[in-house]
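First up is the structure itself, then whatever we jot down about it.
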Amino acid sequence: MKNTLGKLGVWSFIDNYSATEAAEFAQRVEAWGYSALWLPEAVGRDPFSIIGYLAGQTTKLVFATGIANIYARDPMATNAARKTLGELAPGRFILGLGVLIGGIVFLSRAVEPPRQTEVEVLDNSDFQR
């Protein structure tokens, strides 16, 4: 199912909200007419888990990772999360991949540029489909 993004969305850091408060916030974003809620992966909760919960608390809002950190995620696990959320919320999940700003990356672990095998896994997976 194709994602439907309107012209306006909201990017928000919600790690300081309880799950209930996050759901109320997502419901307000949806009621205000925004088409998407973009959630970052930084130093707090897992974005995939909270998106799964929030999708069940809303009806049409599209959720997106803005971004999921490629240095913190295994490609196969990331693809599995994408497929699961795509099934739980058809047409309402967008996977945004990227790297975080240097300081946060280096706080989490030693970082090297993506290995060739990781690049190949991403290139050859069905992320594009």
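We label chains A, B, ... in the order they appear in the structure tokens, count residues from 1 in each chain, and number ligands from 1 in the order shown.
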
What's around region 15-29 of chain A at 7 Å? Count only C-alpha atoms, leave out sequence neighbours fewer than 5 positions away in its own chain, and write the answer as a PyMOL selection string.
chain A and resi 34+44-45+54+57-58

Would you list the contacts of Ile67 (chain A) as a PyMOL selection string, taking every protein, DNA or RNA residue within 7 Å and counting only C-alpha atoms, but skipping same-chain residues closer than 3 positions in sequence?
chain A and resi 40-41+96-98

Which residues, written as an mmCIF file with N, CA, C and O atoms, in the first residue's frame, have at least one atom at most 7 Å from region 5-10 of chain A, with only C-alpha atoms counted and residues fewer than 2 positions away on the same chain left out?
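Everything below was put into around.cif:
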data_model
loop_
_atom_site.group_PDB
_atom_site.id
_atom_site.type_symbol
_atom_site.label_atom_id
_atom_site.label_comp_id
_atom_site.auth_asym_id
_atom_site.auth_seq_id
_atom_site.Cartn_x
_atom_site.Cartn_y
_atom_site.Cartn_z
ATOM 1 N N ASN A 3 2.169 4.992 0.718
ATOM 2 C CA ASN A 3 2.038 6.006 1.756
ATOM 3 C C ASN A 3 1.475 7.279 1.147
ATOM 4 O O ASN A 3 1.822 7.653 0.032
ATOM 5 N N SER A 12 8.890 15.654 15.709
ATOM 6 C CA SER A 12 8.885 15.940 17.142
ATOM 7 C C SER A 12 9.678 14.907 17.920
ATOM 8 O O SER A 12 9.639 13.708 17.621
ATOM 9 N N TYR A 34 -2.525 17.390 10.154
ATOM 10 C CA TYR A 34 -1.204 17.058 9.618
ATOM 11 C C TYR A 34 -1.238 15.626 9.093
ATOM 12 O O TYR A 34 -1.953 14.775 9.608
ATOM 13 N N SER A 35 -0.448 15.372 8.068
ATOM 14 C CA SER A 35 -0.490 14.039 7.462
ATOM 15 C C SER A 35 0.517 13.079 8.061
ATOM 16 O O SER A 35 0.332 11.863 7.952
ATOM 17 N N ALA A 36 1.588 13.594 8.690
ATOM 18 C CA ALA A 36 2.644 12.696 9.161
ATOM 19 C C ALA A 36 3.253 13.187 10.461
ATOM 20 O O ALA A 36 3.282 14.390 10.735
ATOM 21 N N LEU A 37 3.749 12.233 11.218
ATOM 22 C CA LEU A 37 4.505 12.522 12.429
ATOM 23 C C LEU A 37 5.849 11.824 12.288
ATOM 24 O O LEU A 37 5.917 10.598 12.172
ATOM 25 N N TRP A 38 6.917 12.615 12.247
ATOM 26 C CA TRP A 38 8.284 12.109 12.095
ATOM 27 C C TRP A 38 8.922 12.047 13.469
ATOM 28 O O TRP A 38 8.931 13.038 14.199
#

Would you mind reading off the distance between CA of Gly91 (chain A) and CA of Met76 (chain A), one decimal, in Å?
20.9 Å

Using only C-alpha atoms, which of A:Ile50, A:Ala42, A:Leu85, A:Ile94 sits nearest Ala72 (chain A)?
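Closest residue, counting only C-alpha atoms: A:Ala42.
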
Between CA of Leu61 (chain A) and CA of Asp74 (chain A) - distance in Å to one decimal:
26.9 Å

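Our summary of the geometry notes that CA of Val43 (chain A) is positioned 10.7 Å from CA of Asn69 (chain A).
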
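Of the residues listed (A:Val62, A:Val99, A:Ala77, A:Ile14), A:Val62 shows the shortest atom-to-atom separation from Gly33 (chain A); distances use only C-alpha atoms.
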